[in-house]
file query-v4.pdb (PDB, C-alpha atoms)
ATOM      1  CA  MET M   1     -91.453-144.248 -85.775
ATOM      2  CA  ALA M   2     -89.449-142.195 -88.232
ATOM      3  CA  TYR M   3     -89.169-138.421 -88.432
ATOM      4  CA  TRP M   4     -89.296-136.146 -91.460
ATOM      5  CA  LEU M   5     -89.327-132.531 -92.562
ATOM      6  CA  LEU M   6     -91.834-131.278 -95.139
ATOM      7  CA  LYS M   7     -91.265-127.910 -96.800
ATOM      8  CA  SER M   8     -93.996-125.710 -98.171
ATOM      9  CA  GLU M   9     -94.300-122.133 -99.357
ATOM     10  CA  PRO M  10     -96.773-120.581 -96.901
ATOM     11  CA  GLU M  11     -98.361-118.578 -99.740
ATOM     12  CA  SER M  12     -99.170-121.844-101.566
ATOM     13  CA  TYR M  13    -100.058-124.054 -98.620
ATOM     14  CA  GLY M  14     -99.143-123.091 -95.094
ATOM     15  CA  TRP M  15     -99.507-124.435 -91.581
ATOM     16  CA  ASP M  16    -102.734-122.460 -91.121
ATOM     17  CA  ASP M  17    -104.178-124.245 -94.166
ATOM     18  CA  LEU M  18    -103.378-127.640 -92.641
ATOM     19  CA  ILE M  19    -104.894-126.583 -89.310
ATOM     20  CA  ALA M  20    -108.085-125.490 -91.078
ATOM     21  CA  GLU M  21    -108.322-128.656 -93.202
ATOM     22  CA  LYS M  22    -107.029-131.019 -90.456
ATOM     23  CA  THR M  23    -105.652-133.416 -93.123
ATOM     24  CA  THR M  24    -104.174-132.988 -96.581
ATOM     25  CA  GLU M  25    -102.676-134.965 -99.408
ATOM     26  CA  TRP M  26     -98.969-134.013 -99.698
ATOM     27  CA  THR M  27     -98.786-133.828-103.487
ATOM     28  CA  GLY M  28     -96.615-132.239-106.136
ATOM     29  CA  VAL M  29     -93.214-133.579-105.054
ATOM     30  CA  ARG M  30     -91.201-133.974-108.258
ATOM     31  CA  ASN M  31     -87.684-134.632-107.022
ATOM     32  CA  PRO M  32     -86.538-138.291-107.135
ATOM     33  CA  ALA M  33     -84.778-138.182-103.748
ATOM     34  CA  ALA M  34     -87.734-136.486-102.054
ATOM     35  CA  ALA M  35     -90.122-139.003-103.667
ATOM     36  CA  LEU M  36     -88.068-141.849-102.183
ATOM     37  CA  HIS M  37     -88.492-140.257 -98.755
ATOM     38  CA  LEU M  38     -92.268-140.105 -99.275
ATOM     39  CA  LYS M  39     -92.258-143.796-100.234
ATOM     40  CA  ALA M  40     -90.436-144.620 -96.991
ATOM     41  CA  MET M  41     -93.013-142.899 -94.774
ATOM     42  CA  GLN M  42     -95.210-145.066 -92.568
ATOM     43  CA  VAL M  43     -98.495-144.350 -90.806
ATOM     44  CA  GLY M  44     -97.697-142.723 -87.468
ATOM     45  CA  ASP M  45     -94.416-141.160 -88.574
ATOM     46  CA  ARG M  46     -94.068-137.526 -87.539
ATOM     47  CA  ALA M  47     -92.978-134.615 -89.715
ATOM     48  CA  PHE M  48     -91.969-131.053 -89.070
ATOM     49  CA  PHE M  49     -93.920-128.558 -91.178
ATOM     50  CA  TYR M  50     -91.421-126.016 -92.492
ATOM     51  CA  HIS M  51     -92.346-122.718 -94.126
ATOM     52  CA  SER M  52     -89.790-122.193 -96.875
ATOM     53  CA  GLY M  53     -90.894-118.604 -97.474
ATOM     54  CA  LYS M  54     -90.810-115.811 -94.937
ATOM     55  CA  PRO M  55     -90.171-116.613 -92.204
ATOM     56  CA  LYS M  56     -88.059-119.651 -93.004
ATOM     57  CA  ALA M  57     -88.977-121.728 -89.971
ATOM     58  CA  ILE M  58     -90.399-124.952 -88.585
ATOM     59  CA  VAL M  59     -93.893-123.990 -87.469
ATOM     60  CA  GLY M  60     -95.700-127.252 -86.700
ATOM     61  CA  VAL M  61     -95.762-131.007 -86.322
ATOM     62  CA  ALA M  62     -97.773-133.286 -88.602
ATOM     63  CA  GLU M  63     -98.383-137.030 -88.649
ATOM     64  CA  VAL M  64     -98.490-139.397 -91.615
ATOM     65  CA  THR M  65    -101.974-140.937 -91.816
ATOM     66  CA  ARG M  66    -101.656-142.855 -95.108
ATOM     67  CA  THR M  67     -98.649-144.272 -96.891
ATOM     68  CA  ALA M  68     -97.560-143.395-100.404
ATOM     69  CA  ARG M  69     -99.811-143.740-103.409
ATOM     70  CA  GLN M  70     -99.339-142.608-106.981
ATOM     71  CA  ASP M  71     -99.521-138.843-107.528
ATOM     72  CA  GLY M  72    -100.398-138.038-111.116
ATOM     73  CA  ASN M  73     -99.858-140.172-114.202
ATOM     74  CA  GLU M  74     -96.296-141.330-113.524
ATOM     75  CA  ALA M  75     -95.729-144.170-111.086
ATOM     76  CA  ARG M  76     -92.485-142.693-109.761
ATOM     77  CA  TRP M  77     -94.290-139.715-108.186
ATOM     78  CA  VAL M  78     -96.181-140.339-104.971
ATOM     79  CA  SER M  79     -98.076-138.505-102.265
ATOM     80  CA  VAL M  80     -98.892-139.251 -98.627
ATOM     81  CA  GLU M  81    -101.670-138.004 -96.389
ATOM     82  CA  ILE M  82    -100.802-136.017 -93.283
ATOM     83  CA  LYS M  83    -102.734-134.462 -90.419
ATOM     84  CA  SER M  84    -101.884-131.579 -88.139
ATOM     85  CA  VAL M  85    -100.725-132.515 -84.642
ATOM     86  CA  GLU M  86     -99.558-129.333 -82.946
ATOM     87  CA  ALA M  87     -98.012-125.957 -83.604
ATOM     88  CA  ILE M  88     -94.450-125.259 -82.531
ATOM     89  CA  GLU M  89     -94.760-122.727 -79.685
ATOM     90  CA  HIS M  90     -91.738-120.724 -80.837
ATOM     91  CA  PRO M  91     -91.057-121.335 -84.557
ATOM     92  CA  VAL M  92     -87.515-122.596 -85.127
ATOM     93  CA  THR M  93     -85.907-120.476 -87.812
ATOM     94  CA  LEU M  94     -83.441-121.618 -90.431
ATOM     95  CA  ALA M  95     -80.849-119.298 -88.888
ATOM     96  CA  ALA M  96     -81.351-120.907 -85.460
ATOM     97  CA  MET M  97     -81.006-124.403 -86.958
ATOM     98  CA  LYS M  98     -77.795-123.440 -88.752
ATOM     99  CA  ALA M  99     -76.409-121.996 -85.511
ATOM    100  CA  GLU M 100     -77.124-125.159 -83.496
ATOM    101  CA  SER M 101     -74.114-127.506 -83.659
ATOM    102  CA  LYS M 102     -76.301-130.533 -82.852
ATOM    103  CA  LEU M 103     -78.038-129.998 -86.212
ATOM    104  CA  SER M 104     -74.905-129.638 -88.354
ATOM    105  CA  GLY M 105     -75.500-132.982 -90.085
ATOM    106  CA  MET M 106     -79.204-132.430 -90.672
ATOM    107  CA  GLU M 107     -80.218-133.468 -94.182
ATOM    108  CA  MET M 108     -82.258-130.311 -94.779
ATOM    109  CA  LEU M 109     -79.240-128.148 -94.040
ATOM    110  CA  ARG M 110     -76.978-130.243 -96.265
ATOM    111  CA  GLN M 111     -79.410-130.543 -99.193
ATOM    112  CA  SER M 112     -81.538-127.448 -98.855
ATOM    113  CA  ARG M 113     -83.376-127.940-102.160
ATOM    114  CA  LEU M 114     -85.185-131.110-101.027
ATOM    115  CA  SER M 115     -88.835-130.570-100.113
ATOM    116  CA  VAL M 116     -88.959-133.799 -98.080
ATOM    117  CA  SER M 117     -86.068-134.988 -95.938
ATOM    118  CA  PRO M 118     -85.420-137.340 -93.020
ATOM    119  CA  VAL M 119     -84.771-136.068 -89.503
ATOM    120  CA  SER M 120     -82.899-138.188 -86.939
ATOM    121  CA  ALA M 121     -84.379-138.822 -83.492
ATOM    122  CA  ALA M 122     -81.652-136.655 -81.932
ATOM    123  CA  GLU M 123     -82.344-133.806 -84.388
ATOM    124  CA  TRP M 124     -86.068-134.145 -83.711
ATOM    125  CA  ALA M 125     -85.540-133.827 -79.948
ATOM    126  CA  THR M 126     -83.202-130.852 -80.381
ATOM    127  CA  ILE M 127     -85.666-128.955 -82.562
ATOM    128  CA  LEU M 128     -88.586-129.682 -80.235
ATOM    129  CA  LYS M 129     -86.518-128.314 -77.345
ATOM    130  CA  MET M 130     -85.602-125.217 -79.383
ATOM    131  CA  GLY M 131     -89.274-124.589 -80.160
ATOM    132  CA  ALA M 132     -90.609-125.040 -76.627
TER
END
call {"tool": "encode", "arguments": {"input": "query-v4.pdb", "output": "structure tokens"}}
result
Amino acid sequence: MAYWLLKSEPESYGWDDLIAEKTTEWTGVRNPAAALHLKAMQVGDRAFFYHSGKPKAIVGVAEVTRTARQDGNEARWVSVEIKSVEAIEHPVTLAAMKAESKLSGMEMLRQSRLSVSPVSAAEWATILKMGA
């Protein structure tokens, strides 16, 4: 199993929307690097759901339920389907992630503009512990 981080503006589509819908198609990613990450996702992979607006924080855990398929008219853009798994008990803020030395190499912190990024197993465990 691989781990990921998915960013969304809560005003556009937030964790509460995913909870209400149970599953969603993760569409609209138009960055080549982020699209490659979507293409690498496998069924059963887990992803942190990150609100990129206020508050900037990881708020939930989702699971990939369908691998990449074409999103729109161009073959290079893809989407995956995800479902909600569980909320993070204590949302993990961007400030808290930046302050945690174990997360210093985290892709999201190094390339903050990416809407989809990988998370290592060690980073995953650290964030889950921070949110418990």
call {"tool": "resolve_selection", "arguments": {"input": "query-v4.pdb", "expression": "the PyMOL selection byres ((chain M and resi 6) around 9)", "output": "ChimeraX atom specification"}}
result
/M:4-5,7-8,26,47-51,114-117
call {"tool": "closest_residue", "arguments": {"input": "query-v4.pdb", "among": "M:Ser120, M:Gln42, M:Thr126, M:Thr67", "to": "Glu81 in chain M", "atoms": "only C-alpha atoms"}}
result
M:Thr67
call {"tool": "resolve_selection", "arguments": {"input": "query-v4.pdb", "expression": "the PyMOL selection byres ((chain M and resi 58) around 12)", "output": "PDB file with C-alpha atoms, in the coordinates of the input"}}
result
ATOM      1  CA  TRP M   4     -89.296-136.146 -91.460  1.00  0.00           C
ATOM      2  CA  LEU M   5     -89.327-132.531 -92.562  1.00  0.00           C
ATOM      3  CA  LEU M   6     -91.834-131.278 -95.139  1.00  0.00           C
ATOM      4  CA  LYS M   7     -91.265-127.910 -96.800  1.00  0.00           C
ATOM      5  CA  SER M   8     -93.996-125.710 -98.171  1.00  0.00           C
ATOM      6  CA  GLU M   9     -94.300-122.133 -99.357  1.00  0.00           C
ATOM      7  CA  PRO M  10     -96.773-120.581 -96.901  1.00  0.00           C
ATOM      8  CA  GLY M  14     -99.143-123.091 -95.094  1.00  0.00           C
ATOM      9  CA  TRP M  15     -99.507-124.435 -91.581  1.00  0.00           C
ATOM     10  CA  ALA M  47     -92.978-134.615 -89.715  1.00  0.00           C
ATOM     11  CA  PHE M  48     -91.969-131.053 -89.070  1.00  0.00           C
ATOM     12  CA  PHE M  49     -93.920-128.558 -91.178  1.00  0.00           C
ATOM     13  CA  TYR M  50     -91.421-126.016 -92.492  1.00  0.00           C
ATOM     14  CA  HIS M  51     -92.346-122.718 -94.126  1.00  0.00           C
ATOM     15  CA  SER M  52     -89.790-122.193 -96.875  1.00  0.00           C
ATOM     16  CA  GLY M  53     -90.894-118.604 -97.474  1.00  0.00           C
ATOM     17  CA  LYS M  54     -90.810-115.811 -94.937  1.00  0.00           C
ATOM     18  CA  PRO M  55     -90.171-116.613 -92.204  1.00  0.00           C
ATOM     19  CA  LYS M  56     -88.059-119.651 -93.004  1.00  0.00           C
ATOM     20  CA  ALA M  57     -88.977-121.728 -89.971  1.00  0.00           C
ATOM     21  CA  VAL M  59     -93.893-123.990 -87.469  1.00  0.00           C
ATOM     22  CA  GLY M  60     -95.700-127.252 -86.700  1.00  0.00           C
ATOM     23  CA  VAL M  61     -95.762-131.007 -86.322  1.00  0.00           C
ATOM     24  CA  ALA M  62     -97.773-133.286 -88.602  1.00  0.00           C
ATOM     25  CA  GLU M  86     -99.558-129.333 -82.946  1.00  0.00           C
ATOM     26  CA  ALA M  87     -98.012-125.957 -83.604  1.00  0.00           C
ATOM     27  CA  ILE M  88     -94.450-125.259 -82.531  1.00  0.00           C
ATOM     28  CA  GLU M  89     -94.760-122.727 -79.685  1.00  0.00           C
ATOM     29  CA  HIS M  90     -91.738-120.724 -80.837  1.00  0.00           C
ATOM     30  CA  PRO M  91     -91.057-121.335 -84.557  1.00  0.00           C
ATOM     31  CA  VAL M  92     -87.515-122.596 -85.127  1.00  0.00           C
ATOM     32  CA  THR M  93     -85.907-120.476 -87.812  1.00  0.00           C
ATOM     33  CA  LEU M  94     -83.441-121.618 -90.431  1.00  0.00           C
ATOM     34  CA  ALA M  95     -80.849-119.298 -88.888  1.00  0.00           C
ATOM     35  CA  ALA M  96     -81.351-120.907 -85.460  1.00  0.00           C
ATOM     36  CA  MET M  97     -81.006-124.403 -86.958  1.00  0.00           C
ATOM     37  CA  MET M 108     -82.258-130.311 -94.779  1.00  0.00           C
ATOM     38  CA  TRP M 124     -86.068-134.145 -83.711  1.00  0.00           C
ATOM     39  CA  ILE M 127     -85.666-128.955 -82.562  1.00  0.00           C
ATOM     40  CA  LEU M 128     -88.586-129.682 -80.235  1.00  0.00           C
ATOM     41  CA  MET M 130     -85.602-125.217 -79.383  1.00  0.00           C
ATOM     42  CA  GLY M 131     -89.274-124.589 -80.160  1.00  0.00           C
ATOM     43  CA  ALA M 132     -90.609-125.040 -76.627  1.00  0.00           C
TER      44      ALA M 132
END
call {"tool": "atom_distance", "arguments": {"input": "query-v4.pdb", "atom1": "CA of Glu107 in chain M", "atom2": "CA of Val119 in chain M"}}
result
7.0 Å
call {"tool": "atom_distance", "arguments": {"input": "query-v4.pdb", "atom1": "CA of Ala99 in chain M", "atom2": "CA of Ala34 in chain M"}}
result
24.7 Å
call {"tool": "decode", "arguments": {"input": "query-v4.pdb", "residues": "range 54-79 of chain M", "atoms": "N, CA and C atoms", "output": "mmCIF file, in the first residue's frame"}}
result
data_model
loop_
_atom_site.group_PDB
_atom_site.id
_atom_site.type_symbol
_atom_site.label_atom_id
_atom_site.label_comp_id
_atom_site.auth_asym_id
_atom_site.auth_seq_id
_atom_site.Cartn_x
_atom_site.Cartn_y
_atom_site.Cartn_z
ATOM 1 N N LYS M 54 -8.510 27.840 5.022
ATOM 2 C CA LYS M 54 -8.476 27.913 6.484
ATOM 3 C C LYS M 54 -9.338 26.818 7.076
ATOM 4 N N PRO M 55 -8.890 26.076 8.075
ATOM 5 C CA PRO M 55 -7.488 26.046 8.498
ATOM 6 C C PRO M 55 -6.701 25.131 7.578
ATOM 7 N N LYS M 56 -5.463 25.449 7.352
ATOM 8 C CA LYS M 56 -4.597 24.597 6.531
ATOM 9 C C LYS M 56 -4.228 23.399 7.385
ATOM 10 N N ALA M 57 -4.891 22.260 7.110
ATOM 11 C CA ALA M 57 -4.688 21.099 7.984
ATOM 12 C C ALA M 57 -5.149 19.811 7.327
ATOM 13 N N ILE M 58 -4.539 18.711 7.757
ATOM 14 C CA ILE M 58 -4.994 17.372 7.392
ATOM 15 C C ILE M 58 -6.184 17.074 8.290
ATOM 16 N N VAL M 59 -7.321 16.754 7.676
ATOM 17 C CA VAL M 59 -8.554 16.582 8.430
ATOM 18 C C VAL M 59 -9.146 15.180 8.339
ATOM 19 N N GLY M 60 -8.671 14.358 7.399
ATOM 20 C CA GLY M 60 -9.245 13.030 7.245
ATOM 21 C C GLY M 60 -8.371 12.087 6.469
ATOM 22 N N VAL M 61 -8.820 10.836 6.432
ATOM 23 C CA VAL M 61 -8.145 9.778 5.678
ATOM 24 C C VAL M 61 -9.136 9.220 4.662
ATOM 25 N N ALA M 62 -8.679 9.093 3.435
ATOM 26 C CA ALA M 62 -9.481 8.526 2.349
ATOM 27 C C ALA M 62 -8.762 7.310 1.785
ATOM 28 N N GLU M 63 -9.491 6.531 1.009
ATOM 29 C CA GLU M 63 -8.928 5.342 0.360
ATOM 30 C C GLU M 63 -9.235 5.388 -1.124
ATOM 31 N N VAL M 64 -8.263 4.986 -1.937
ATOM 32 C CA VAL M 64 -8.460 4.914 -3.383
ATOM 33 C C VAL M 64 -9.311 3.680 -3.683
ATOM 34 N N THR M 65 -10.419 3.885 -4.400
ATOM 35 C CA THR M 65 -11.318 2.775 -4.727
ATOM 36 C C THR M 65 -11.338 2.434 -6.216
ATOM 37 N N ARG M 66 -10.743 3.283 -7.045
ATOM 38 C CA ARG M 66 -10.599 2.998 -8.475
ATOM 39 C C ARG M 66 -9.374 3.711 -8.993
ATOM 40 N N THR M 67 -8.619 3.036 -9.822
ATOM 41 C CA THR M 67 -7.396 3.622 -10.370
ATOM 42 C C THR M 67 -7.721 4.683 -11.421
ATOM 43 N N ALA M 68 -6.686 5.294 -11.922
ATOM 44 C CA ALA M 68 -6.802 6.443 -12.817
ATOM 45 C C ALA M 68 -7.542 6.115 -14.108
ATOM 46 N N ARG M 69 -8.353 7.080 -14.500
ATOM 47 C CA ARG M 69 -8.989 7.059 -15.825
ATOM 48 C C ARG M 69 -8.957 8.485 -16.348
ATOM 49 N N GLN M 70 -9.154 8.626 -17.635
ATOM 50 C CA GLN M 70 -9.063 9.942 -18.266
ATOM 51 C C GLN M 70 -10.061 10.920 -17.661
ATOM 52 N N ASP M 71 -9.587 12.129 -17.408
ATOM 53 C CA ASP M 71 -10.406 13.219 -16.866
ATOM 54 C C ASP M 71 -10.455 14.324 -17.912
ATOM 55 N N GLY M 72 -11.544 14.442 -18.602
ATOM 56 C CA GLY M 72 -11.664 15.459 -19.640
ATOM 57 C C GLY M 72 -11.269 14.922 -20.997
ATOM 58 N N ASN M 73 -10.937 15.838 -21.906
ATOM 59 C CA ASN M 73 -10.657 15.465 -23.294
ATOM 60 C C ASN M 73 -9.207 15.124 -23.576
ATOM 61 N N GLU M 74 -8.297 15.457 -22.655
ATOM 62 C CA GLU M 74 -6.882 15.196 -22.884
ATOM 63 C C GLU M 74 -6.437 13.978 -22.098
ATOM 64 N N ALA M 75 -5.770 13.065 -22.775
ATOM 65 C CA ALA M 75 -5.360 11.808 -22.154
ATOM 66 C C ALA M 75 -4.384 11.983 -20.992
ATOM 67 N N ARG M 76 -3.653 13.085 -20.972
ATOM 68 C CA ARG M 76 -2.655 13.252 -19.904
ATOM 69 C C ARG M 76 -3.284 13.572 -18.555
ATOM 70 N N TRP M 77 -4.544 14.017 -18.540
ATOM 71 C CA TRP M 77 -5.197 14.342 -17.268
ATOM 72 C C TRP M 77 -6.058 13.177 -16.833
ATOM 73 N N VAL M 78 -5.924 12.810 -15.567
ATOM 74 C CA VAL M 78 -6.646 11.650 -15.041
ATOM 75 C C VAL M 78 -7.320 11.991 -13.709
ATOM 76 N N SER M 79 -8.219 11.109 -13.321
ATOM 77 C CA SER M 79 -8.870 11.209 -12.018
ATOM 78 C C SER M 79 -8.875 9.816 -11.389
#
